[in-house]
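One structure is given here, and the rest of the page talks about it.
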Amino acid sequence: MTETMEISTRTLDQVTVVEINGNLDGTTAIMAEEIIGDHCQEGTRLVLDLRQVSYMSSMGLRLLLLISRKLADLHGCMALVGLSDDLKETMSITGFLDHFATYDALEEGVSALQQEKE
Amino acid sequence: MHQTTLQRIDILPTHIHGNFKLRCGRPLPFGATLVPGGVNFSIYSHHATACTLVLFEKGHPAPFAEIPFAEDFRIGNVFMMIVFDLDVENLEYGYRMDGPNQPVEGHRFDRNHILLDPYARAIGGREVWGTPPDWNSIYQHRARIAFDDFDWEGDRPLGIPIEDLVIYEMHVRGFTRHPSANVRHPGTFASIREKIPYLKELGINAVELMPIFEFDEFEHGLTNPHTGQPRMNYWGYNTVGFFAPKAGYAASGELGMQVDELKALVKELHRNGIEVILDVVFNHTAEGDERGPTISFRGIDNQTYYLLTGDGKYLNYSGTGNTLNCNHPIVRSMVLDCLRYWVAEYHIDGFRFDLASILGRDSQGTRTPTRPCSNRWPSTRCWPGASSLPKRGTPGVSTRLVRSPTTGGGPSGTGSIAMNCAAFCAETRARWATWSSGFRGRPTSTTDAGQPPPSTL
C-alpha cells in the first residue's frame with residue numbers, strides 16, 4: 001500500500017529542518033530522497049522532524065541512513081527528532097538507531113546541531 | 001558527486017511483457033540481485049524445459065504477474081532475466097518449472113507448484129514464530145529480495161586462536177524465551193544482543209547458534225493430543241532456504257527486517273569480543289522423501305539436488321527422508337556459495353556441519369575418496385570468504401570449520417559412528433575441528449543432576 005507523504009522545509013538558526021508528514025515506504029522514500037537530497041549541501045546541518053511519521057518500512061530506514069551518509073560526505077551532520085516509541089524500537093533491534101543522534105523535541109535537535117557547528 | 005563515466009548501455013530494457021520491461025539477465029550470481037533499475041533473476045535447472053517467473057505483492061495469495069523466460073534468456077541450463085521498475089521491498093517471487101514428471105527417471109517437475117529460489121536471501125511466509133500460516137496459500141515459503149547494504153562500520157574477524165575459544169552453544173529461541181531472561185523480545189536475535197553483558201559475564205568468547213537458516217516450525221503437521229496445540233519443529237535441523245535467516249527468530253521478522261537484525265547482532269557480538277559460529281545443515285532439506293512437500297529443489301531439478309536410487313527413490317543417509325547431492329558440481333557450488341555468503345555478508349566466523357560426513361558421498365551415495373565437495377574447502381588460511389574480508393589480529397584469520405561427531409549413515413548407511421568419524425577426519429586431513437560430545441554433554445548432565453563436574457572433564 002502506498003502512503004501519501006508531504007515534506008516541508010524551513011531554516012531555524014542556520015539549521016535546515018525537514019518535516020516529514022506521512023509514512024515512509026518503498027514509494028514515498030524514493031520521493032523523499034529526491035526532495036531532501038536537494039537540501040544537502042556542503043556543511044548542511046539537517047534536522048529530520050519525524051513527529052508526524054508513524055510508520056517507516058525498511059526502505060524508509062535506509063533513506064535515513066543514506067541521507068546521513070551523504071551529509072557526512074559533505075561535512076554536514078544530521079539529527080532525528082520526534083521518533084515514536086515503536087519506530088525507535090524497530091530501529092534499535094535492527095541496528096539503525098546506533099547511527100543517529102535522536103532528540104524528543106525539535107528545539108533540542110536544532111540546538112545540538114548548532115553547537116556542533118560551533 | 002560527479003559522474004565520471006557514461007551510463008552503461010546494458011541497464012536499459014530490450015523486451016516488453018505486458019506492463020513489464022525486461023532484458024536478458026546475467027547468469028551469475030544465482031538468485032535475485034539488485035541491479036541498476038531492476039532485479040536480475042537467475043536460476044539453474046539442468047532438466048527443466050521452460051521456466052516462468054512468478055511475482056507476488058508481499059503476503060498476497062495470488063500473483064500479480066507471471067513472466068516466462070524467453071528462449072534467448074537462457075544460456076545452457078541457466079534461466080536469467082532482468083525485470084525493471086519493481087517495488088522490491090514489496091515483492092515476493094517464485095518460479096514455475098516445466099519438465100518431465102517421471103519419478104522413476106528422477107524427474108518430478110510440476111508447473112502447478114510455485115517454487116522457492118534455492119538462493120533466496122530472505123524468505124517470507126513464517127515471519128512470526130508459531131503464527132499459523134494460510135494453509136490454502138499456493139506459495140508457502142516466499143522468496144524476497146535482500147538489500148545487502150548493511151553498514152558494518154569496519155567490523156572484522158576477531159581471529160581468536162581456536163585453542164582459546166570458549167563457546168556457548170545456544171538455540172536462538174530457547175536462550176531468551178523464559179521470562180527470567182527479562183528481555184524486550186523473547187526468543188529473538190535482538191534479545192541475544194540484549195544479553196551480551198550476561199554472555200561476557202560468563203567469560204565466553206564465541207556463540208554457536210543452532211540452525212538459523214529458514215525452516216518451517218509447522219512442518220510436522222502434528223497435534224499434541226493433550227493440549228490440542230500444533231507440535232512445532234523447535235530445533236530447525238530441516239532447512240527450507242540455505243541463504244536466508246529464520247524470519248521467526250527476528251523481532252523484526254514481521255517487518256521483513258530479519259537480515260538487518262541478525263547482522264546487527266553479529267556486529268555487536270564482535271564489538272564485545274565474541275565470535276559467531278553457525279550450526280549448518282547441508283546434508284538434507286525440508287522436502288523429505290516422496291511423501292514430503294515440494295518447496296524448492298524437488299521441483300526445480302530433483303535429479304541434480306538429491307541422491308536417488310536407480311529407480312528414482314530418495315536415498316536417505318540423513319535419516320530424514322532425503323540426502324542432498326553435495327558432490328554434484330552445481331550443488332557443491334551452492335554449498336560453497338552459501339558459506340562464502342554467510343562469511344562475506346554476515347561476517348560469520350565459523351561453521352559447525354551437521355552430519356558432515358555426508359558431504360563425502362558421491363552421486364550414487366558411495367563414500368568417495370576424492371570428496372569433491374569438502375576438498376574444495378581449502379586450508380583455513382586461504383578460505384575464500386575469510387580471505388576476502390579484511391583481517392585483524394594475527395595474519396591469516398581463518399573461518400572455523402567444525403564437524404559434528406555423529407555420522408550420516410541413516411537408514412541406508414552401514415558404518416559405525418566411530419568408523420565414520422575416524423575416516424572423515426583422516427579424509428579431510430585434519431583441516432576440520434570436531435566437537436567433543438562427551439565434553440559437551442557431561443557438564444550439562446551433572447548440572448542437571450545437581451552434582452559437581454566429574455574429574456574426567
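Naming works like this for the C-alpha cells: A, B, ... for the chains as they're shown, residue 1 at the start of each chain, ligands 1 onward in shown order.
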Inset, instruction - Fewer than 4 positions away in the same chain doesn't count, so skip those; otherwise give me all residues within 7 Å of Leu83 in chain A, counting only C-alpha atoms, as a ChimeraX atom specification. - result: /A:50-51,87-88
Could you write out the selected residues, including N, CA and C atoms, as a compact mmCIF listing (two decimals), in the first residue's frame?
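Below you can see again39.txt, which holds the result:
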```txt
# COMPACT_ATOMS: atom_id res chain seq x y z
N LEU A 50 10.46 13.99 12.57
CA LEU A 50 9.67 12.79 12.26
C LEU A 50 8.47 12.63 13.19
N ARG A 51 8.05 13.73 13.80
CA ARG A 51 6.94 13.62 14.77
C ARG A 51 5.64 13.19 14.09
N LEU A 87 8.83 3.25 16.40
CA LEU A 87 9.89 3.41 15.41
C LEU A 87 11.26 3.29 16.05
N LYS A 88 11.38 3.88 17.24
CA LYS A 88 12.67 3.81 17.93
C LYS A 88 13.01 2.35 18.24
```
Inset, instruction - Give me the residues within 10 Å of Arg298 in chain B as a list in words, counting only C-alpha atoms and dropping any in the same chain fewer than 4 places off. - result: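 Listed by chain and then number, they are Gly106, His107, Arg108, Phe109, Asp110, Leu115, Thr285, Glu287, Gly288, Asp289, Glu290, Gly292, Pro293, Thr294, Asn302, Gln303, Thr304, Tyr305 and Tyr306 of chain B.
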Please write the residues from the selection above to a file, keeping N, CA, C and O atoms, as a PDB file, in the first residue's frame.
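Saved to out.pdb:
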```pdb
ATOM      1  N   GLY B 106      13.748 -39.935 -11.997  1.00  0.00           N
ATOM      2  CA  GLY B 106      14.284 -38.920 -11.080  1.00  0.00           C
ATOM      3  C   GLY B 106      13.733 -37.526 -11.317  1.00  0.00           C
ATOM      4  O   GLY B 106      14.185 -36.566 -10.689  1.00  0.00           O
ATOM      5  N   HIS B 107      12.768 -37.391 -12.204  1.00  0.00           N
ATOM      6  CA  HIS B 107      12.236 -36.061 -12.518  1.00  0.00           C
ATOM      7  C   HIS B 107      10.846 -35.871 -11.913  1.00  0.00           C
ATOM      8  O   HIS B 107       9.956 -36.698 -12.109  1.00  0.00           O
ATOM      9  N   ARG B 108      10.648 -34.782 -11.217  1.00  0.00           N
ATOM     10  CA  ARG B 108       9.365 -34.516 -10.565  1.00  0.00           C
ATOM     11  C   ARG B 108       8.891 -33.092 -10.858  1.00  0.00           C
ATOM     12  O   ARG B 108       8.482 -32.349  -9.953  1.00  0.00           O
ATOM     13  N   PHE B 109       8.984 -32.703 -12.101  1.00  0.00           N
ATOM     14  CA  PHE B 109       8.515 -31.362 -12.478  1.00  0.00           C
ATOM     15  C   PHE B 109       6.991 -31.317 -12.432  1.00  0.00           C
ATOM     16  O   PHE B 109       6.310 -32.290 -12.803  1.00  0.00           O
ATOM     17  N   ASP B 110       6.475 -30.194 -11.970  1.00  0.00           N
ATOM     18  CA  ASP B 110       5.027 -29.997 -11.908  1.00  0.00           C
ATOM     19  C   ASP B 110       4.776 -28.488 -11.883  1.00  0.00           C
ATOM     20  O   ASP B 110       5.015 -27.845 -10.855  1.00  0.00           O
ATOM     21  N   LEU B 115       7.751 -22.430  -6.861  1.00  0.00           N
ATOM     22  CA  LEU B 115       8.942 -22.952  -6.193  1.00  0.00           C
ATOM     23  C   LEU B 115       9.812 -21.835  -5.636  1.00  0.00           C
ATOM     24  O   LEU B 115      10.015 -20.795  -6.269  1.00  0.00           O
ATOM     25  N   THR B 285      17.283 -31.565   3.075  1.00  0.00           N
ATOM     26  CA  THR B 285      16.419 -30.392   3.061  1.00  0.00           C
ATOM     27  C   THR B 285      15.072 -30.735   3.703  1.00  0.00           C
ATOM     28  O   THR B 285      14.809 -31.885   4.055  1.00  0.00           O
ATOM     29  N   GLU B 287      12.315 -31.037   2.350  1.00  0.00           N
ATOM     30  CA  GLU B 287      11.332 -31.630   1.441  1.00  0.00           C
ATOM     31  C   GLU B 287      11.075 -33.114   1.700  1.00  0.00           C
ATOM     32  O   GLU B 287      10.143 -33.697   1.125  1.00  0.00           O
ATOM     33  N   GLY B 288      11.896 -33.738   2.577  1.00  0.00           N
ATOM     34  CA  GLY B 288      11.667 -35.136   2.916  1.00  0.00           C
ATOM     35  C   GLY B 288      11.752 -36.045   1.699  1.00  0.00           C
ATOM     36  O   GLY B 288      12.442 -35.749   0.717  1.00  0.00           O
ATOM     37  N   ASP B 289      11.040 -37.176   1.774  1.00  0.00           N
ATOM     38  CA  ASP B 289      11.064 -38.113   0.645  1.00  0.00           C
ATOM     39  C   ASP B 289       9.843 -37.879  -0.261  1.00  0.00           C
ATOM     40  O   ASP B 289       9.286 -36.774  -0.298  1.00  0.00           O
ATOM     41  N   GLU B 290       9.431 -38.934  -0.957  1.00  0.00           N
ATOM     42  CA  GLU B 290       8.326 -38.799  -1.921  1.00  0.00           C
ATOM     43  C   GLU B 290       7.052 -38.234  -1.285  1.00  0.00           C
ATOM     44  O   GLU B 290       6.227 -37.629  -1.956  1.00  0.00           O
ATOM     45  N   GLY B 292       6.960 -35.968   1.070  1.00  0.00           N
ATOM     46  CA  GLY B 292       7.154 -34.624   1.620  1.00  0.00           C
ATOM     47  C   GLY B 292       6.629 -33.531   0.698  1.00  0.00           C
ATOM     48  O   GLY B 292       6.204 -33.786  -0.428  1.00  0.00           O
ATOM     49  N   PRO B 293       6.667 -32.297   1.195  1.00  0.00           N
ATOM     50  CA  PRO B 293       6.181 -31.172   0.390  1.00  0.00           C
ATOM     51  C   PRO B 293       7.159 -30.813  -0.729  1.00  0.00           C
ATOM     52  O   PRO B 293       8.362 -31.043  -0.612  1.00  0.00           O
ATOM     53  N   THR B 294       6.639 -30.289  -1.805  1.00  0.00           N
ATOM     54  CA  THR B 294       7.503 -29.740  -2.853  1.00  0.00           C
ATOM     55  C   THR B 294       7.642 -28.251  -2.577  1.00  0.00           C
ATOM     56  O   THR B 294       6.700 -27.479  -2.729  1.00  0.00           O
ATOM     57  N   ASN B 302      15.094 -32.101  -9.440  1.00  0.00           N
ATOM     58  CA  ASN B 302      15.181 -33.181  -8.451  1.00  0.00           C
ATOM     59  C   ASN B 302      16.429 -34.034  -8.625  1.00  0.00           C
ATOM     60  O   ASN B 302      17.127 -34.338  -7.674  1.00  0.00           O
ATOM     61  N   GLN B 303      16.720 -34.381  -9.874  1.00  0.00           N
ATOM     62  CA  GLN B 303      17.831 -35.299 -10.129  1.00  0.00           C
ATOM     63  C   GLN B 303      19.188 -34.667  -9.822  1.00  0.00           C
ATOM     64  O   GLN B 303      20.146 -35.346  -9.505  1.00  0.00           O
ATOM     65  N   THR B 304      19.258 -33.364  -9.938  1.00  0.00           N
ATOM     66  CA  THR B 304      20.507 -32.679  -9.626  1.00  0.00           C
ATOM     67  C   THR B 304      20.706 -32.559  -8.120  1.00  0.00           C
ATOM     68  O   THR B 304      21.804 -32.786  -7.608  1.00  0.00           O
ATOM     69  N   TYR B 305      19.658 -32.203  -7.405  1.00  0.00           N
ATOM     70  CA  TYR B 305      19.828 -31.812  -5.997  1.00  0.00           C
ATOM     71  C   TYR B 305      19.821 -32.980  -5.011  1.00  0.00           C
ATOM     72  O   TYR B 305      20.290 -32.820  -3.883  1.00  0.00           O
ATOM     73  N   TYR B 306      19.261 -34.134  -5.381  1.00  0.00           N
ATOM     74  CA  TYR B 306      19.126 -35.212  -4.402  1.00  0.00           C
ATOM     75  C   TYR B 306      19.836 -36.484  -4.834  1.00  0.00           C
ATOM     76  O   TYR B 306      19.943 -36.773  -6.036  1.00  0.00           O
TER      77      TYR B 306
END
```
Inset, instruction - From a DSSP pass on the backbone, collect the residues of range 53-93 of chain A flagged as strand (DSSP E or B) and hand them back as a list in words. - result: Met56, Cys77, Met78, Ala79, Leu80 and Val81 of chain A
Could those selected residues go to a file with all heavy atoms, as an mmCIF file, in the first residue's frame?
```cif
data_model
loop_
_atom_site.group_PDB
_atom_site.id
_atom_site.type_symbol
_atom_site.label_atom_id
_atom_site.label_comp_id
_atom_site.auth_asym_id
_atom_site.auth_seq_id
_atom_site.Cartn_x
_atom_site.Cartn_y
_atom_site.Cartn_z
ATOM 1 N N MET A 56 7.633 3.513 9.262
ATOM 2 C CA MET A 56 8.714 3.531 8.278
ATOM 3 C C MET A 56 9.032 2.089 7.913
ATOM 4 O O MET A 56 9.265 1.257 8.799
ATOM 5 C CB MET A 56 9.962 4.182 8.860
ATOM 6 C CG MET A 56 10.133 5.630 8.491
ATOM 7 S SD MET A 56 11.776 6.185 8.936
ATOM 8 C CE MET A 56 11.452 6.797 10.563
ATOM 9 N N CYS A 77 25.960 17.300 8.994
ATOM 10 C CA CYS A 77 25.525 16.357 10.018
ATOM 11 C C CYS A 77 24.003 16.350 10.098
ATOM 12 O O CYS A 77 23.329 17.198 9.496
ATOM 13 C CB CYS A 77 26.137 16.696 11.369
ATOM 14 S SG CYS A 77 25.703 18.329 11.947
ATOM 15 N N MET A 78 23.486 15.411 10.852
ATOM 16 C CA MET A 78 22.037 15.220 10.871
ATOM 17 C C MET A 78 21.582 14.750 12.250
ATOM 18 O O MET A 78 22.310 14.059 12.953
ATOM 19 C CB MET A 78 21.681 14.169 9.819
ATOM 20 C CG MET A 78 20.215 13.856 9.697
ATOM 21 S SD MET A 78 19.967 12.801 8.244
ATOM 22 C CE MET A 78 19.162 11.432 8.964
ATOM 23 N N ALA A 79 20.370 15.134 12.601
ATOM 24 C CA ALA A 79 19.763 14.626 13.836
ATOM 25 C C ALA A 79 18.316 14.261 13.534
ATOM 26 O O ALA A 79 17.692 14.831 12.639
ATOM 27 C CB ALA A 79 19.838 15.675 14.934
ATOM 28 N N LEU A 80 17.808 13.294 14.278
ATOM 29 C CA LEU A 80 16.409 12.895 14.142
ATOM 30 C C LEU A 80 15.625 13.395 15.350
ATOM 31 O O LEU A 80 16.096 13.296 16.485
ATOM 32 C CB LEU A 80 16.293 11.367 14.077
ATOM 33 C CG LEU A 80 17.127 10.649 13.025
ATOM 34 C CD1 LEU A 80 16.858 9.144 13.084
ATOM 35 C CD2 LEU A 80 16.822 11.185 11.623
ATOM 36 N N VAL A 81 14.450 13.900 15.062
ATOM 37 C CA VAL A 81 13.617 14.441 16.126
ATOM 38 C C VAL A 81 12.242 13.785 16.096
ATOM 39 O O VAL A 81 11.672 13.568 15.026
ATOM 40 C CB VAL A 81 13.474 15.978 15.972
ATOM 41 C CG1 VAL A 81 12.288 16.503 16.759
ATOM 42 C CG2 VAL A 81 14.747 16.681 16.407
#
```
Residues of chain A within 8 Å of chain B: nearest atom pair and distance (Å, one decimal) for each, counting only C-alpha atoms, sorted by chain and number, as JSON lines?
```
{"residue": "A:Gly26", "atom": "CA", "partner": "B:Glu89", "partner_atom": "CA", "distance": 6.1}
{"residue": "A:Thr27", "atom": "CA", "partner": "B:Asp87", "partner_atom": "CA", "distance": 7.7}
{"residue": "A:Ser57", "atom": "CA", "partner": "B:Leu255", "partner_atom": "CA", "distance": 7.2}
{"residue": "A:Ser58", "atom": "CA", "partner": "B:Met257", "partner_atom": "CA", "distance": 6.8}
{"residue": "A:Met59", "atom": "CA", "partner": "B:Glu89", "partner_atom": "CA", "distance": 7.1}
{"residue": "A:Thr90", "atom": "CA", "partner": "B:Ser252", "partner_atom": "CA", "distance": 6.9}
{"residue": "A:Ile93", "atom": "CA", "partner": "B:Ala190", "partner_atom": "CA", "distance": 5.3}
{"residue": "A:Thr94", "atom": "CA", "partner": "B:Glu261", "partner_atom": "CA", "distance": 4.1}
{"residue": "A:Gly95", "atom": "CA", "partner": "B:Ala264", "partner_atom": "CA", "distance": 5.0}
```
For the residues in the current selection, export all heavy atoms as an mmCIF file, in the first residue's frame.
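Wrote it out as again39.cif, contents follow:
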```
data_model
loop_
_atom_site.group_PDB
_atom_site.id
_atom_site.type_symbol
_atom_site.label_atom_id
_atom_site.label_comp_id
_atom_site.auth_asym_id
_atom_site.auth_seq_id
_atom_site.Cartn_x
_atom_site.Cartn_y
_atom_site.Cartn_z
ATOM 1 N N GLY A 26 8.378 2.103 0.504
ATOM 2 C CA GLY A 26 9.226 1.973 -0.672
ATOM 3 C C GLY A 26 9.006 3.060 -1.704
ATOM 4 O O GLY A 26 9.950 3.485 -2.380
ATOM 5 N N THR A 27 7.787 3.544 -1.818
ATOM 6 C CA THR A 27 7.481 4.568 -2.826
ATOM 7 C C THR A 27 7.783 5.967 -2.309
ATOM 8 O O THR A 27 8.469 6.750 -2.977
ATOM 9 C CB THR A 27 5.996 4.473 -3.231
ATOM 10 O OG1 THR A 27 5.724 3.149 -3.654
ATOM 11 C CG2 THR A 27 5.678 5.448 -4.350
ATOM 12 N N SER A 57 9.036 1.792 6.639
ATOM 13 C CA SER A 57 9.431 0.452 6.207
ATOM 14 C C SER A 57 10.958 0.390 6.191
ATOM 15 O O SER A 57 11.650 1.370 6.476
ATOM 16 C CB SER A 57 8.877 0.176 4.810
ATOM 17 O OG SER A 57 9.584 0.948 3.861
ATOM 18 N N SER A 58 11.436 -0.760 5.806
ATOM 19 C CA SER A 58 12.877 -0.951 5.673
ATOM 20 C C SER A 58 13.493 0.107 4.747
ATOM 21 O O SER A 58 14.576 0.631 5.004
ATOM 22 C CB SER A 58 13.114 -2.355 5.118
ATOM 23 O OG SER A 58 14.411 -2.501 4.649
ATOM 24 N N MET A 59 12.780 0.435 3.688
ATOM 25 C CA MET A 59 13.286 1.460 2.749
ATOM 26 C C MET A 59 13.329 2.830 3.413
ATOM 27 O O MET A 59 14.229 3.630 3.163
ATOM 28 C CB MET A 59 12.407 1.514 1.501
ATOM 29 C CG MET A 59 12.581 0.324 0.588
ATOM 30 S SD MET A 59 14.008 0.457 -0.496
ATOM 31 C CE MET A 59 13.259 1.262 -1.904
ATOM 32 N N THR A 90 11.963 -0.366 16.594
ATOM 33 C CA THR A 90 12.337 -1.053 15.351
ATOM 34 C C THR A 90 13.768 -0.699 14.954
ATOM 35 O O THR A 90 14.559 -1.567 14.564
ATOM 36 C CB THR A 90 11.383 -0.652 14.204
ATOM 37 O OG1 THR A 90 10.056 -1.021 14.569
ATOM 38 C CG2 THR A 90 11.753 -1.336 12.908
ATOM 39 N N ILE A 93 16.305 -2.600 17.330
ATOM 40 C CA ILE A 93 16.545 -4.034 17.147
ATOM 41 C C ILE A 93 17.202 -4.353 15.803
ATOM 42 O O ILE A 93 17.801 -5.409 15.651
ATOM 43 C CB ILE A 93 15.242 -4.856 17.308
ATOM 44 C CG1 ILE A 93 14.193 -4.453 16.278
ATOM 45 C CG2 ILE A 93 14.696 -4.747 18.710
ATOM 46 C CD1 ILE A 93 12.889 -5.216 16.397
ATOM 47 N N THR A 94 17.091 -3.447 14.870
ATOM 48 C CA THR A 94 17.715 -3.702 13.569
ATOM 49 C C THR A 94 19.057 -2.976 13.420
ATOM 50 O O THR A 94 19.681 -3.047 12.365
ATOM 51 C CB THR A 94 16.788 -3.249 12.416
ATOM 52 O OG1 THR A 94 16.392 -1.892 12.648
ATOM 53 C CG2 THR A 94 15.557 -4.134 12.341
ATOM 54 N N GLY A 95 19.465 -2.285 14.458
ATOM 55 C CA GLY A 95 20.779 -1.654 14.454
ATOM 56 C C GLY A 95 20.809 -0.261 13.861
ATOM 57 O O GLY A 95 21.842 0.416 13.913
#
```
Legend entry - Two-atom distance - CA of Leu65 in chain A, CA of Ala101 in chain A (Å): 11.7 Å
Inset, instruction - Write out as number ranges by chain the residues lying within 12 Å of Val47 in chain A, counting only C-alpha atoms and excluding same-chain residues fewer than 6 positions away. - result: A: 8-20, 36, 39-40, 64, 67-68, 71, 76-82, 100-114
Selection to disk with N, CA and C atoms, as a compact mmCIF listing (two decimals), in the first residue's frame:
```txt
# COMPACT_ATOMS: atom_id res chain seq x y z
N SER A 8 7.94 19.41 4.24
CA SER A 8 8.12 20.86 4.28
C SER A 8 9.49 21.18 4.88
N THR A 9 10.04 22.28 4.43
CA THR A 9 11.40 22.62 4.84
C THR A 9 11.46 24.08 5.31
N ARG A 10 12.24 24.30 6.34
CA ARG A 10 12.47 25.68 6.80
C ARG A 10 13.86 25.74 7.42
N THR A 11 14.28 26.95 7.71
CA THR A 11 15.59 27.11 8.34
C THR A 11 15.40 27.74 9.71
N LEU A 12 15.98 27.13 10.72
CA LEU A 12 15.92 27.65 12.08
C LEU A 12 17.34 27.84 12.58
N ASP A 13 17.72 29.07 12.79
CA ASP A 13 19.06 29.35 13.32
C ASP A 13 20.15 28.61 12.54
N GLN A 14 20.11 28.74 11.26
CA GLN A 14 21.09 28.16 10.33
C GLN A 14 21.08 26.62 10.31
N VAL A 15 20.05 26.05 10.86
CA VAL A 15 19.87 24.60 10.77
C VAL A 15 18.66 24.32 9.86
N THR A 16 18.86 23.45 8.89
CA THR A 16 17.77 23.09 7.99
C THR A 16 16.86 22.07 8.67
N VAL A 17 15.59 22.41 8.74
CA VAL A 17 14.63 21.49 9.37
C VAL A 17 13.71 20.94 8.28
N VAL A 18 13.74 19.64 8.12
CA VAL A 18 12.87 18.97 7.14
C VAL A 18 11.81 18.20 7.91
N GLU A 19 10.58 18.59 7.73
CA GLU A 19 9.49 17.91 8.42
C GLU A 19 8.80 16.96 7.45
N ILE A 20 8.69 15.72 7.88
CA ILE A 20 8.00 14.72 7.05
C ILE A 20 6.66 14.41 7.69
N ILE A 36 14.75 15.75 -0.21
CA ILE A 36 15.72 16.05 0.86
C ILE A 36 17.11 16.19 0.27
N HIS A 39 18.40 19.54 -0.49
CA HIS A 39 18.79 20.40 0.63
C HIS A 39 20.13 20.02 1.23
N CYS A 40 20.72 18.97 0.71
CA CYS A 40 22.01 18.52 1.25
C CYS A 40 23.15 19.21 0.50
N LEU A 64 16.98 7.20 5.81
CA LEU A 64 17.62 7.98 6.86
C LEU A 64 19.13 7.80 6.84
N ILE A 67 20.76 9.53 3.76
CA ILE A 67 20.91 10.99 3.91
C ILE A 67 22.06 11.29 4.87
N SER A 68 22.11 10.54 5.95
CA SER A 68 23.16 10.75 6.93
C SER A 68 24.54 10.56 6.30
N LEU A 71 25.36 13.45 3.91
CA LEU A 71 25.75 14.65 4.63
C LEU A 71 27.15 14.53 5.21
N GLY A 76 28.66 17.66 6.59
CA GLY A 76 27.48 18.11 7.31
C GLY A 76 27.14 17.13 8.41
N CYS A 77 25.96 17.30 8.99
CA CYS A 77 25.53 16.36 10.02
C CYS A 77 24.00 16.35 10.10
N MET A 78 23.49 15.41 10.85
CA MET A 78 22.04 15.22 10.87
C MET A 78 21.58 14.75 12.25
N ALA A 79 20.37 15.13 12.60
CA ALA A 79 19.76 14.63 13.84
C ALA A 79 18.32 14.26 13.53
N LEU A 80 17.81 13.29 14.28
CA LEU A 80 16.41 12.89 14.14
C LEU A 80 15.63 13.40 15.35
N VAL A 81 14.45 13.90 15.06
CA VAL A 81 13.62 14.44 16.13
C VAL A 81 12.24 13.78 16.10
N GLY A 82 11.74 13.44 17.28
CA GLY A 82 10.35 13.03 17.40
C GLY A 82 10.04 11.62 16.95
N PHE A 100 22.44 7.23 14.66
CA PHE A 100 21.84 8.57 14.68
C PHE A 100 21.85 9.20 16.07
N ALA A 101 21.94 10.55 16.04
CA ALA A 101 21.63 11.32 17.24
C ALA A 101 20.13 11.58 17.21
N THR A 102 19.45 11.28 18.32
CA THR A 102 17.99 11.45 18.34
C THR A 102 17.58 12.34 19.49
N TYR A 103 16.54 13.10 19.26
CA TYR A 103 16.02 14.02 20.28
C TYR A 103 14.50 13.97 20.26
N ASP A 104 13.94 14.23 21.43
CA ASP A 104 12.47 14.22 21.51
C ASP A 104 11.89 15.52 20.94
N ALA A 105 12.48 16.65 21.32
CA ALA A 105 11.92 17.95 20.93
C ALA A 105 12.73 18.58 19.81
N LEU A 106 12.04 19.31 18.96
CA LEU A 106 12.69 19.97 17.83
C LEU A 106 13.79 20.93 18.30
N GLU A 107 13.47 21.68 19.36
CA GLU A 107 14.44 22.66 19.86
C GLU A 107 15.74 21.97 20.28
N GLU A 108 15.60 20.80 20.87
CA GLU A 108 16.80 20.07 21.31
C GLU A 108 17.68 19.70 20.12
N GLY A 109 17.03 19.19 19.08
CA GLY A 109 17.78 18.78 17.90
C GLY A 109 18.47 19.96 17.24
N VAL A 110 17.74 21.05 17.10
CA VAL A 110 18.31 22.25 16.46
C VAL A 110 19.48 22.77 17.29
N SER A 111 19.28 22.82 18.58
CA SER A 111 20.31 23.33 19.48
C SER A 111 21.56 22.46 19.40
N ALA A 112 21.37 21.15 19.37
CA ALA A 112 22.51 20.24 19.32
C ALA A 112 23.32 20.44 18.04
N LEU A 113 22.63 20.63 16.93
CA LEU A 113 23.36 20.81 15.67
C LEU A 113 24.03 22.18 15.61
N GLN A 114 23.41 23.15 16.22
CA GLN A 114 24.05 24.47 16.29
C GLN A 114 25.37 24.38 17.03
```
Legend entry - Of the listed residues B:Ala244, B:Ile123, B:Leu6, B:Ala48, that which approaches Glu345 in chain B most closely, counting only C-alpha atoms: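 Going through B:Ala244, B:Ile123, B:Leu6, B:Ala48 one by one, the smallest distance to Glu345 in chain B is for B:Ala244.
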Legend entry - Atom pair CA of Asp349 in chain B / CA of Leu278 in chain B: separation (Å):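 About the pair CA of Asp349 in chain B and CA of Leu278 in chain B: they are 8.1 Å apart.
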Inset, instruction - To one decimal in Å, tell me the separation between CA of Ala247 in chain B and CA of His347 in chain B. - result: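 One can read the CA of Ala247 in chain B to CA of His347 in chain B distance as 18.5 Å.
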Inset, instruction - Mind checking which residues fall within 9 Å of Ala50 in chain B, counting only C-alpha atoms, ignoring those fewer than 3 positions away in the same chain, and posting them as a list in words? - result: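 Selected residues are Pro68, Phe69, Ala70, Glu71, Phe79, Arg96, Met97, Asp98 and Gly99 of chain B.
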